[in-house]
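Peer 1: Got a file for you: target07.csv, CSV, C-alpha atoms and all ligand atoms.
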```
chain,number,residue,atom,x,y,z
G,1,MET,CA,12.6,14.9,25.3
G,2,ILE,CA,10.9,11.9,27.0
G,3,ASN,CA,11.0,8.4,25.6
G,4,GLU,CA,8.0,6.1,25.8
G,5,THR,CA,7.6,2.6,24.4
G,6,PHE,CA,4.4,1.3,22.7
G,7,VAL,CA,3.7,-2.3,22.0
G,8,ALA,CA,1.6,-3.9,19.3
G,9,SER,CA,1.7,-6.9,16.9
G,10,ASP,CA,3.3,-4.8,14.1
G,11,PRO,CA,5.4,-1.6,14.1
G,12,LYS,CA,2.7,0.5,12.3
G,13,SER,CA,0.0,-0.1,15.0
G,14,ALA,CA,2.5,0.6,17.8
G,15,TYR,CA,3.6,3.9,16.0
G,16,GLU,CA,0.0,4.8,15.4
G,17,GLN,CA,-0.8,4.4,19.2
G,18,ALA,CA,2.0,6.9,19.8
G,19,VAL,CA,0.7,9.4,17.2
G,20,GLU,CA,-2.8,9.0,18.6
G,21,LYS,CA,-1.6,9.9,22.0
G,22,TYR,CA,0.8,12.7,21.2
G,23,GLY,CA,0.1,13.8,17.7
G,24,ASP,CA,2.7,14.5,15.0
G,25,VAL,CA,5.4,15.7,17.4
G,26,VAL,CA,6.6,12.1,18.1
G,27,THR,CA,10.0,11.1,16.8
G,28,LEU,CA,10.9,7.5,16.2
G,29,VAL,CA,13.8,6.3,18.4
G,30,SER,CA,13.8,2.6,17.8
G,31,ALA,CA,11.7,-0.5,17.0
G,32,LYS,CA,12.3,-4.1,17.6
G,33,GLN,CA,10.6,-7.4,17.7
G,34,VAL,CA,10.5,-9.1,21.1
G,35,LYS,CA,9.3,-12.6,21.9
G,36,TYR,CA,7.1,-12.4,25.0
G,37,GLU,CA,6.6,-15.1,27.7
G,38,ASP,CA,3.4,-16.3,26.0
G,39,GLY,CA,5.6,-17.2,23.0
G,40,ARG,CA,4.2,-14.5,20.8
G,41,LEU,CA,6.2,-11.9,18.8
G,42,ARG,CA,5.4,-8.3,19.5
G,43,CYS,CA,6.8,-5.1,18.2
G,44,GLU,CA,8.1,-2.5,20.6
G,45,VAL,CA,8.4,1.0,19.1
G,46,THR,CA,10.1,3.6,21.2
G,47,ILE,CA,9.4,7.3,20.4
G,48,SER,CA,10.4,10.5,22.0
G,49,VAL,CA,8.2,13.5,22.7
G,50,PRO,CA,8.9,17.0,24.0
G,51,LYS,CA,8.6,17.1,27.8
G,52,ASP,CA,5.7,19.6,27.9
G,53,VAL,CA,3.6,17.5,25.5
G,54,PHE,CA,4.3,14.4,27.5
G,55,MET,CA,3.3,16.2,30.7
G,56,GLU,CA,0.1,17.6,29.2
G,57,LYS,CA,-1.0,14.3,27.6
G,58,SER,CA,-0.1,12.2,30.6
G,59,LEU,CA,-1.9,14.5,33.0
G,60,LEU,CA,-5.0,14.6,30.7
G,61,ASN,CA,-5.0,10.8,30.5
G,62,ASN,CA,-5.1,10.5,34.3
G,63,VAL,CA,-8.4,12.6,34.4
G,64,THR,CA,-11.2,10.7,33.0
G,65,VAL,CA,-13.0,13.1,30.8
G,66,ASN,CA,-15.9,11.9,28.7
G,67,ASP,CA,-15.4,14.2,25.7
G,68,ALA,CA,-16.7,11.8,23.0
G,69,PRO,CA,-19.4,13.6,21.1
G,70,GLU,CA,-22.8,12.2,22.0
G,71,GLN,CA,-24.4,10.4,19.1
G,72,SER,CA,-27.5,12.2,18.0
G,73,GLU,CA,-30.9,10.3,18.1
G,74,ASP,CA,-31.0,10.3,14.3
G,75,GLU,CA,-27.5,8.9,14.0
G,76,ALA,CA,-28.3,6.2,16.6
G,77,LEU,CA,-31.5,5.3,14.7
G,78,LEU,CA,-29.7,5.1,11.4
G,79,ALA,CA,-27.0,2.9,12.8
G,80,GLU,CA,-29.7,0.6,14.3
G,81,LEU,CA,-31.6,0.5,11.0
G,82,SER,CA,-28.4,-0.3,9.1
G,83,GLU,CA,-27.7,-3.2,11.5
G,84,LEU,CA,-31.3,-4.5,11.2
G,85,LYS,CA,-30.9,-4.3,7.4
G,86,LYS,CA,-27.8,-6.4,7.6
G,87,GLN,CA,-29.4,-9.0,9.9
G,88,LEU,CA,-32.4,-9.2,7.5
G,89,TYR,CA,-30.1,-9.8,4.6
G,90,PHE,CA,-28.4,-12.7,6.3
G,91,MET,CA,-31.8,-14.1,7.5
G,92,LYS,CA,-33.2,-13.8,4.0
G,93,SER,CA,-30.2,-15.6,2.5
G,94,GLU,CA,-30.7,-18.4,5.1
G,95,MET,CA,-34.4,-18.7,4.3
G,96,LEU,CA,-34.3,-18.4,0.5
G,97,GLY,CA,-35.5,-21.4,-1.5
G,98,GLU,CA,-32.8,-23.4,-3.2
G,99,ASP,CA,-33.4,-21.8,-6.6
G,100,ASP,CA,-33.1,-18.2,-5.3
G,101,LYS,CA,-30.3,-19.0,-3.0
G,102,SER,CA,-28.3,-20.6,-5.7
G,103,ILE,CA,-27.9,-17.3,-7.6
G,104,VAL,CA,-26.6,-15.3,-4.6
G,105,GLN,CA,-24.5,-18.2,-3.3
G,106,LYS,CA,-23.1,-19.1,-6.7
G,107,ILE,CA,-22.0,-15.6,-7.5
G,108,LYS,CA,-20.6,-15.0,-4.1
G,109,ALA,CA,-18.7,-18.3,-4.3
G,110,LEU,CA,-17.4,-17.4,-7.7
G,111,PHE,CA,-15.9,-14.1,-6.5
G,112,MET,CA,-14.5,-15.7,-3.3
G,113,LYS,CA,-12.9,-18.4,-5.4
G,114,LYS,CA,-11.2,-15.7,-7.4
G,115,GLY,CA,-9.8,-14.1,-4.2
G,116,ILE,CA,-12.3,-11.4,-3.2
G,117,ALA,CA,-12.8,-11.4,0.6
G,118,GLN,CA,-16.2,-12.5,2.0
G,119,SER,CA,-16.4,-9.5,4.2
G,120,TRP,CA,-16.2,-7.1,1.2
G,121,LEU,CA,-18.7,-9.1,-0.7
G,122,ASP,CA,-21.1,-9.3,2.3
G,123,GLY,CA,-21.1,-5.5,2.4
G,124,VAL,CA,-22.0,-5.3,-1.3
G,125,PHE,CA,-24.7,-8.0,-1.0
G,126,SER,CA,-26.3,-6.5,2.1
G,127,ALA,CA,-26.8,-3.2,0.2
G,128,LEU,CA,-28.9,-5.2,-2.3
G,129,THR,CA,-31.4,-6.5,0.2
G,130,GLY,CA,-34.8,-6.5,-1.5
G,131,SER,CA,-33.4,-5.6,-4.9
G,132,ASN,CA,-34.3,-7.7,-8.0
G,133,ILE,CA,-30.7,-7.5,-9.0
G,134,LEU,CA,-30.2,-10.5,-6.7
G,135,ASP,CA,-32.5,-12.6,-9.0
G,136,ASP,CA,-30.5,-12.1,-12.1
G,137,GLU,CA,-27.0,-13.6,-12.4
G,138,THR,CA,-25.7,-11.3,-15.2
G,139,LEU,CA,-27.0,-8.2,-13.5
G,140,LEU,CA,-25.5,-9.3,-10.2
G,141,VAL,CA,-22.1,-9.9,-11.7
G,142,SER,CA,-22.2,-6.5,-13.5
G,143,TYR,CA,-23.2,-4.8,-10.2
G,144,ILE,CA,-20.3,-6.3,-8.3
G,145,LEU,CA,-17.9,-5.4,-11.0
G,146,GLU,CA,-19.2,-1.9,-10.9
G,147,GLU,CA,-18.8,-1.8,-7.2
G,148,ILE,CA,-15.2,-3.0,-7.6
G,149,ASP,CA,-14.6,-0.3,-10.2
G,150,GLU,CA,-15.9,2.4,-7.9
G,151,SER,CA,-13.9,1.2,-4.9
G,152,LEU,CA,-10.6,1.2,-6.8
G,153,ALA,CA,-8.5,4.4,-6.7
G,154,VAL,CA,-5.9,5.6,-9.3
G,155,LYS,CA,-3.3,8.1,-8.6
G,156,GLU,CA,-2.9,10.5,-11.6
G,157,GLU,CA,0.6,10.9,-12.9
G,158,SER,CA,1.7,14.4,-12.0
G,159,LEU,CA,5.1,15.9,-12.6
G,160,SER,CA,4.1,19.6,-12.4
G,161,ALA,CA,6.1,20.1,-9.2
G,162,PRO,CA,9.6,18.7,-8.4
G,163,LYS,CA,9.4,15.5,-6.5
G,164,VAL,CA,11.2,12.6,-4.8
G,165,MET,CA,9.7,9.2,-5.6
G,166,MET,CA,10.9,6.4,-3.3
G,167,LEU,CA,10.1,2.8,-4.2
G,168,VAL,CA,9.8,0.3,-1.3
G,169,GLY,CA,8.6,-3.3,-1.2
G,170,PRO,CA,9.4,-6.9,-0.6
G,171,THR,CA,12.6,-8.4,-2.0
G,172,GLY,CA,12.8,-9.0,-5.8
G,173,VAL,CA,9.4,-7.5,-6.7
G,174,GLY,CA,11.0,-5.3,-9.4
G,175,LYS,CA,11.8,-2.0,-7.6
G,176,THR,CA,15.1,-1.3,-9.4
G,177,THR,CA,13.7,-2.4,-12.8
G,178,THR,CA,10.7,-0.1,-12.3
G,179,ILE,CA,13.0,2.8,-11.4
G,180,ALA,CA,14.9,2.3,-14.6
G,181,LYS,CA,11.6,2.3,-16.6
G,182,LEU,CA,10.3,5.4,-14.8
G,183,ALA,CA,13.6,7.2,-15.4
G,184,ALA,CA,13.4,6.5,-19.1
G,185,ARG,CA,9.8,7.5,-19.2
G,186,TYR,CA,10.3,10.8,-17.4
G,187,SER,CA,13.5,11.7,-19.2
G,188,TYR,CA,12.8,10.6,-22.8
G,189,LEU,CA,9.3,9.3,-23.4
G,190,MET,CA,6.9,12.0,-22.3
G,191,ASP,CA,5.8,15.2,-24.1
G,192,LYS,CA,8.3,17.2,-22.2
G,193,PRO,CA,11.7,15.8,-21.0
G,194,TYR,CA,12.2,16.0,-17.3
G,195,LYS,CA,15.5,16.2,-15.5
G,196,VAL,CA,15.8,12.9,-13.7
G,197,ALA,CA,18.4,11.6,-11.1
G,198,LEU,CA,18.7,8.3,-9.3
G,199,LEU,CA,19.5,7.8,-5.7
G,200,ASN,CA,20.3,4.4,-4.3
G,201,LEU,CA,19.7,3.6,-0.6
G,202,ASP,CA,20.4,-0.1,-0.9
G,203,SER,CA,23.5,-0.8,1.0
G,204,TYR,CA,22.5,-4.4,1.8
G,205,LYS,CA,22.4,-6.2,-1.5
G,206,VAL,CA,25.8,-7.0,-3.2
G,207,GLY,CA,25.7,-5.4,-6.6
G,208,ALA,CA,22.7,-3.1,-5.9
G,209,TYR,CA,24.8,0.0,-6.8
G,210,GLU,CA,26.1,-1.6,-10.0
G,211,GLN,CA,22.5,-2.6,-11.0
G,212,LEU,CA,21.2,0.9,-10.8
G,213,ALA,CA,24.4,2.5,-12.1
G,214,HIS,CA,24.2,0.2,-15.2
G,215,TYR,CA,20.8,1.7,-16.1
G,216,ALA,CA,21.9,5.2,-15.2
G,217,ASP,CA,24.9,4.9,-17.5
G,218,ILE,CA,22.9,3.7,-20.4
G,219,MET,CA,20.5,6.6,-20.1
G,220,GLN,CA,23.2,9.0,-19.1
G,221,ILE,CA,21.4,10.0,-15.9
G,222,GLU,CA,23.0,11.3,-12.8
G,223,HIS,CA,23.1,8.8,-9.9
G,224,LEU,CA,24.3,8.6,-6.3
G,225,THR,CA,24.4,6.1,-3.6
G,226,VAL,CA,24.0,7.0,0.1
G,227,ASP,CA,23.8,4.9,3.3
G,228,ASN,CA,22.8,7.2,6.0
G,229,THR,CA,20.3,10.0,6.5
G,230,ASP,CA,22.9,12.8,6.6
G,231,ALA,CA,24.3,11.7,3.3
G,232,PHE,CA,20.7,11.4,2.0
G,233,VAL,CA,20.1,15.1,2.9
G,234,ASP,CA,23.4,16.1,1.3
G,235,GLY,CA,22.5,14.0,-1.8
G,236,LEU,CA,19.1,15.6,-2.2
G,237,GLU,CA,20.7,19.0,-1.8
G,238,LEU,CA,23.2,18.2,-4.5
G,239,LEU,CA,20.3,17.1,-6.8
G,240,SER,CA,18.1,20.1,-6.0
G,241,GLU,CA,18.0,21.2,-9.6
G,242,TYR,CA,16.4,17.9,-10.8
G,243,ASP,CA,12.7,17.6,-11.5
G,244,VAL,CA,12.4,14.0,-10.3
G,245,ILE,CA,14.7,12.1,-8.0
G,246,LEU,CA,13.9,8.4,-8.0
G,247,VAL,CA,15.0,6.6,-4.8
G,248,ASP,CA,15.7,2.9,-4.9
G,249,THR,CA,15.6,1.0,-1.5
G,250,ALA,CA,16.7,-2.4,-0.3
G,251,GLY,CA,14.1,-5.2,-0.7
G,252,MET,CA,12.6,-6.0,2.7
G,253,SER,CA,10.6,-8.8,4.0
G,254,PRO,CA,7.7,-7.3,5.8
G,255,TYR,CA,9.1,-8.9,9.0
G,256,ASP,CA,12.5,-7.2,8.8
G,257,THR,CA,11.8,-4.5,11.3
G,258,GLN,CA,15.4,-3.2,11.3
G,259,LYS,CA,15.4,-2.5,7.6
G,260,LEU,CA,11.9,-1.0,7.8
G,261,ILE,CA,12.9,1.3,10.6
G,262,LYS,CA,16.0,2.4,8.7
G,263,THR,CA,13.8,3.3,5.7
G,264,VAL,CA,11.4,5.2,8.0
G,265,GLU,CA,14.3,7.3,9.1
G,266,PHE,CA,14.9,8.3,5.5
G,267,VAL,CA,11.2,9.0,4.9
G,268,GLN,CA,11.0,11.2,7.9
G,269,THR,CA,14.1,13.2,7.1
G,270,ASP,CA,13.6,16.9,7.2
G,271,ILE,CA,14.0,18.0,3.6
G,272,PRO,CA,12.5,20.8,1.6
G,273,ARG,CA,10.8,18.4,-0.9
G,274,ASN,CA,8.0,16.0,-0.3
G,275,ILE,CA,8.9,12.3,-0.4
G,276,GLU,CA,6.3,10.2,-2.2
G,277,VAL,CA,6.5,6.6,-1.0
G,278,ASN,CA,5.4,4.0,-3.5
G,279,LEU,CA,4.9,0.4,-2.5
G,280,VAL,CA,5.9,-2.1,-5.3
G,281,LEU,CA,3.7,-5.1,-5.0
G,282,SER,CA,3.8,-8.1,-7.2
G,283,ALA,CA,0.6,-9.2,-8.9
G,284,THR,CA,1.5,-12.7,-7.8
G,285,VAL,CA,1.2,-11.7,-4.1
G,286,LYS,CA,0.0,-14.5,-1.8
G,287,TYR,CA,-3.3,-14.1,0.0
G,288,GLU,CA,-1.7,-15.1,3.3
G,289,ASP,CA,1.0,-12.4,3.0
G,290,MET,CA,-1.3,-9.4,2.2
G,291,ASP,CA,-2.1,-8.3,5.7
G,292,ASP,CA,1.5,-8.4,6.8
G,293,ILE,CA,2.7,-6.5,3.8
G,294,TYR,CA,0.1,-3.8,4.4
G,295,ASN,CA,0.5,-3.6,8.2
G,296,ASN,CA,4.3,-3.2,7.9
G,297,PHE,CA,4.8,-1.2,4.8
G,298,SER,CA,1.9,1.3,5.4
G,299,PHE,CA,4.1,2.4,8.4
G,300,LEU,CA,5.9,4.4,5.7
G,301,ASN,CA,2.9,6.5,4.8
G,302,LEU,CA,2.3,5.1,1.3
G,303,ASN,CA,1.2,7.4,-1.5
G,304,SER,CA,0.6,4.7,-4.1
G,305,VAL,CA,1.0,1.1,-5.1
G,306,ILE,CA,3.0,0.2,-8.2
G,307,ILE,CA,1.9,-3.3,-9.3
G,308,SER,CA,4.7,-5.4,-10.9
G,309,LYS,CA,4.8,-8.8,-12.7
G,310,PHE,CA,1.4,-8.5,-14.3
G,311,ASP,CA,2.7,-10.8,-17.0
G,312,GLU,CA,3.4,-13.6,-14.5
G,313,THR,CA,-0.1,-14.5,-13.5
G,314,LYS,CA,-3.6,-14.5,-14.8
G,315,TYR,CA,-5.2,-14.7,-11.4
G,316,LEU,CA,-5.6,-11.1,-10.2
G,317,GLY,CA,-8.3,-11.6,-7.6
G,318,THR,CA,-5.9,-11.6,-4.6
G,319,LEU,CA,-4.3,-8.4,-5.8
G,320,LEU,CA,-7.7,-6.8,-6.5
G,321,ASN,CA,-8.8,-7.8,-3.0
G,322,PHE,CA,-5.7,-6.0,-1.6
G,323,MET,CA,-6.6,-2.8,-3.4
G,324,LEU,CA,-10.3,-3.1,-2.3
G,325,LEU,CA,-9.5,-3.6,1.4
G,326,TYR,CA,-6.7,-1.1,1.8
G,327,LYS,CA,-7.8,1.5,-0.7
G,328,ILE,CA,-4.3,2.8,-1.6
G,329,PRO,CA,-4.3,4.4,-5.1
G,330,MET,CA,-2.5,2.5,-7.9
G,331,SER,CA,0.0,4.5,-10.0
G,332,TYR,CA,1.9,2.2,-12.4
G,333,PHE,CA,1.7,-1.3,-13.7
G,334,SER,CA,4.9,-3.2,-14.7
G,335,ILE,CA,4.0,-5.8,-17.3
G,336,GLY,CA,7.3,-7.5,-18.1
G,337,GLN,CA,11.1,-7.3,-17.7
G,338,GLU,CA,11.8,-5.0,-20.7
G,339,VAL,CA,13.2,-1.6,-19.8
G,340,PRO,CA,11.6,0.9,-20.7
G,341,ASP,CA,8.7,-0.7,-22.6
G,342,ASP,CA,7.0,-2.8,-20.1
G,343,LEU,CA,5.4,-0.1,-18.0
G,344,LEU,CA,1.9,1.3,-18.0
G,345,VAL,CA,0.2,4.2,-16.2
G,346,ALA,CA,-2.2,2.4,-13.9
G,347,SER,CA,-5.8,2.1,-15.1
G,348,LYS,CA,-8.8,0.5,-13.5
G,349,GLU,CA,-9.9,-0.8,-17.0
G,350,TYR,CA,-6.7,-2.8,-17.5
G,351,LEU,CA,-7.0,-4.4,-14.1
G,352,LEU,CA,-10.7,-5.2,-14.4
G,353,GLU,CA,-10.4,-6.5,-18.0
G,354,ARG,CA,-7.7,-8.9,-16.8
G,355,PHE,CA,-9.9,-9.9,-13.8
G,356,ILE,CA,-13.0,-10.4,-16.0
G,357,GLY,CA,-11.0,-12.5,-18.4
G,358,ASP,CA,-10.2,-14.8,-15.5
G,359,LEU,CA,-13.9,-14.8,-14.4
G,360,ASP,CA,-15.1,-15.7,-17.9
G,361,GLU,CA,-13.0,-18.8,-17.9
G,362,GLU,CA,-15.3,-20.3,-15.2
L,401,LIG,N1,8.1,-11.0,-15.4
L,401,LIG,C1,8.5,-9.9,-14.9
L,401,LIG,N2,9.7,-9.8,-14.3
L,401,LIG,C2,10.0,-8.6,-13.7
L,401,LIG,C3,9.1,-7.5,-13.7
L,401,LIG,N3,9.7,-6.5,-13.1
L,401,LIG,C4,10.9,-6.9,-12.7
L,401,LIG,N4,11.1,-8.2,-13.1
L,401,LIG,C5,12.3,-9.1,-12.8
L,401,LIG,O1,12.3,-9.4,-11.5
L,401,LIG,C6,13.7,-9.6,-11.1
L,401,LIG,C7,14.0,-8.7,-9.9
L,401,LIG,O2,13.9,-7.4,-10.3
L,401,LIG,P1,14.6,-6.2,-9.5
L,401,LIG,O3,14.2,-4.9,-10.2
L,401,LIG,O4,16.0,-6.4,-9.3
L,401,LIG,O5,13.8,-6.3,-8.1
L,401,LIG,P2,14.1,-5.5,-6.8
L,401,LIG,O6,12.7,-5.3,-6.2
L,401,LIG,O7,14.8,-4.3,-7.1
L,401,LIG,O8,14.9,-6.6,-6.0
L,401,LIG,P3,15.7,-6.3,-4.6
L,401,LIG,O9,16.4,-5.0,-4.7
L,401,LIG,O10,16.6,-7.5,-4.5
L,401,LIG,O11,14.7,-6.3,-3.5
L,401,LIG,C8,14.5,-9.3,-12.3
L,401,LIG,O12,14.9,-10.5,-12.9
L,401,LIG,C9,13.6,-8.4,-13.2
L,401,LIG,O13,13.9,-8.5,-14.6
L,401,LIG,C10,7.8,-7.6,-14.4
L,401,LIG,O14,7.0,-6.7,-14.4
L,401,LIG,N5,7.6,-8.8,-14.9
L,402,MG,MG,16.7,-3.6,-6.2
```
Can the structure from this file be put into structure tokens for me?
Ligand SMILES: Nc1nc2c(ncn2[C@@H]2O[C@H](COP(=O)(O)OP(=O)(O)OP(=O)(O)O)[C@@H](O)[C@H]2O)c(=O)[nH]1
Ligand SMILES: [Mg+2]
Peer 2:
Amino acid sequence: MINETFVASDPKSAYEQAVEKYGDVVTLVSAKQVKYEDGRLRCEVTISVPKDVFMEKSLLNNVTVNDAPEQSEDEALLAELSELKKQLYFMKSEMLGEDDKSIVQKIKALFMKKGIAQSWLDGVFSALTGSNILDDETLLVSYILEEIDESLAVKEESLSAPKVMMLVGPTGVGKTTTIAKLAARYSYLMDKPYKVALLNLDSYKVGAYEQLAHYADIMQIEHLTVDNTDAFVDGLELLSEYDVILVDTAGMSPYDTQKLIKTVEFVQTDIPRNIEVNLVLSATVKYEDMDDIYNNFSFLNLNSVIISKFDETKYLGTLLNFMLLYKIPMSYFSIGQEVPDDLLVASKEYLLERFIGDLDEE
């Protein structure tokens, strides 16, 4: 095996560079944050690849081959037209009279104030160039809400095959509480009872084991705690008869590369079952933190987002923006502290109703 180090501003981008170059055969060796001479922090991810793959790719990279498929004339024309359409839209909004301009500007400002990114709104508005929807405030708001609805994705609840569900996310967002709610839901509250076990990987937080064991004891559910990948494999083997294994992880700041890498090792473990990774994200997430949370946690190949603490805010625009920009499907909503009651299967309607309630207050 040959080791190679890739550098980027976050571990995910560095790892992706490696996968782009060598494909899925790369194995993660280490990742660390390093302060460079220009004072900026960068992430160095070292991977290893089989020697033959390394030789093949490195040799290929030294020969400049232009194998990018040529754009057909039609595609080039379409791209040019779409660019012109965009420019026309921006020229039109510059040239509009105050009255016309006010509808477009007002509605755009309203959605931006509620947390929706200008880039996303610009895309929606440019598709409306020349349409009379732009002249009617109510129509325009409905159109944007419909676009939001269409852009959101929901992951259907599916327990037809045995699975391992791992919950990851920033510190204190509600991972352990949500695991307890899911455990109760799957083992007692659905049409059919499923065999559920809990597995704790949090060896950092004092009392993490006790917190999970407390819920497991009340529900009389099997639970284990492990702190390395070998024990993880053994634990999963031991629990192979269970329908759902819920895996709790340590809360991580998106900048805690070491914990993140340790979790990646668990996710990449070679086991017979698929590991579904679910990011738990608080509805109170700050706009400034969103990019970092996505860039770092998506390194774990996220299957869905579980949104927690819905009850703690009525401003859902920032969260909605996160879902629109990153397009990860939502699976569950946690709407309070009560186990097991405060858990809902994710629905676009619930999220949009709450968002519209906030818009109506303007
Ligand atoms: N209001 C509200 N509180 C919640 C919700 N979910 C969890 N909490 C509370 O948030 C606090 C932290 O919950 P935990 O489940 O321990 O969070 P965690 O993500 O496991 O925390 P770490 O393991 O320390 O990263 C607890 O007081 C929970 O009762 C929710 O949906 N709404
Ligand atoms: Mg926890």
Peer 1: As a compact mmCIF listing (two decimals) with C-alpha atoms, in the coordinates of the input, please: every protein or nucleic acid residue near ligand MG 402 (chain L) (cut-off 12 Å, counting only C-alpha atoms and all ligand atoms).
Peer 2:
```txt
# COMPACT_ATOMS: atom_id res chain seq x y z
CA MET G 166 10.90 6.40 -3.30
CA LEU G 167 10.10 2.80 -4.20
CA VAL G 168 9.80 0.30 -1.30
CA GLY G 169 8.60 -3.30 -1.20
CA PRO G 170 9.40 -6.90 -0.60
CA THR G 171 12.60 -8.40 -2.00
CA GLY G 172 12.80 -9.00 -5.80
CA VAL G 173 9.40 -7.50 -6.70
CA GLY G 174 11.00 -5.30 -9.40
CA LYS G 175 11.80 -2.00 -7.60
CA THR G 176 15.10 -1.30 -9.40
CA THR G 177 13.70 -2.40 -12.80
CA THR G 178 10.70 -0.10 -12.30
CA ILE G 179 13.00 2.80 -11.40
CA ALA G 180 14.90 2.30 -14.60
CA LEU G 199 19.50 7.80 -5.70
CA ASN G 200 20.30 4.40 -4.30
CA LEU G 201 19.70 3.60 -0.60
CA ASP G 202 20.40 -0.10 -0.90
CA SER G 203 23.50 -0.80 1.00
CA TYR G 204 22.50 -4.40 1.80
CA LYS G 205 22.40 -6.20 -1.50
CA VAL G 206 25.80 -7.00 -3.20
CA GLY G 207 25.70 -5.40 -6.60
CA ALA G 208 22.70 -3.10 -5.90
CA TYR G 209 24.80 0.00 -6.80
CA GLU G 210 26.10 -1.60 -10.00
CA GLN G 211 22.50 -2.60 -11.00
CA LEU G 212 21.20 0.90 -10.80
CA ALA G 213 24.40 2.50 -12.10
CA TYR G 215 20.80 1.70 -16.10
CA VAL G 247 15.00 6.60 -4.80
CA ASP G 248 15.70 2.90 -4.90
CA THR G 249 15.60 1.00 -1.50
CA ALA G 250 16.70 -2.40 -0.30
CA GLY G 251 14.10 -5.20 -0.70
CA MET G 252 12.60 -6.00 2.70
CA VAL G 280 5.90 -2.10 -5.30
```
Peer 1: Grab the atom CA of G:Val29 to atom CA of G:Ile47 distance for me, in Å with one decimal place.
Peer 2: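 About the pair atom CA of G:Val29 and atom CA of G:Ile47: they are 4.9 Å apart.
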Peer 1: Between G:His223, G:Lys108, G:Lys155, G:Lys51, which one has atoms that come closest to G:Lys327, using only C-alpha atoms?
Peer 2: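 Among the listed residues, the smallest separation from G:Lys327 belongs to G:Lys155.
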Peer 1: From the set G:Val285, G:Leu343, G:Val264, G:Leu159, which residue has the shortest atom-to-atom contact distance to ligand LIG 401 (chain L), counting all atoms listed in the file?
Peer 2: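 So, comparing all the options, the nearest one is G:Leu343.
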Peer 1: Using only C-alpha atoms and all ligand atoms for the distances, tell me which of G:Lys181, G:Phe297, G:Thr263, G:Phe232 is nearest to ligand LIG 401 (chain L).
Peer 2: G:Lys181
Peer 1: Need the shell around G:Ser30: protein/DNA/RNA residues with any atom at most 7 Å away, counting all atoms listed in the file. Skip same-chain ones fewer than 2 positions apart. Format as a ChimeraX atom specification?
Peer 2: /G:28,32,45-47
Peer 1: Please provide as an NGL selection string all residues within 9 Å of G:Tyr186, with the sequence filter that same-chain residues fewer than 5 positions apart are discarded (counting all atoms listed in the file).
Peer 2: :G and (159 or 181 or 192-196 or 244)
Peer 1: Ranking G:Val26, G:Leu359, G:Leu316, G:Ala283 by minimum distance to ligand LIG 401 (chain L) and counting all atoms listed in the file, which one comes first?
Peer 2: G:Ala283
Peer 1: Between G:Asn3, G:Ser308, G:Ser48, G:Ser151, which residue has the minimum interatomic distance to ligand LIG 401 (chain L), considering all atoms listed in the file?
Peer 2: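 So, comparing all the options, the nearest one is G:Ser308.
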Peer 1: Please report the interatomic distance between atom CA of G:Lys259 and atom CA of G:Ser298 in Å with one decimal.
Peer 2: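 Between atom CA of G:Lys259 and atom CA of G:Ser298 the gap is 14.2 Å.
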Peer 1: Pick out the closest residue to ligand LIG 401 (chain L) from this set: G:Ile218, G:Ile133, G:Val339, G:Leu351. Count only C-alpha atoms and all ligand atoms.
Peer 2: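 Using only C-alpha atoms and all ligand atoms, ligand LIG 401 (chain L) sits closest to G:Val339.
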Peer 1: Atom C9 of ligand LIG 401 (chain L) and atom CA of G:Gly336, how far apart in Å?
Peer 2: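 Calculated distance between atom CA of G:Gly336 and atom C9 of ligand LIG 401 (chain L) is 8.0 Å.
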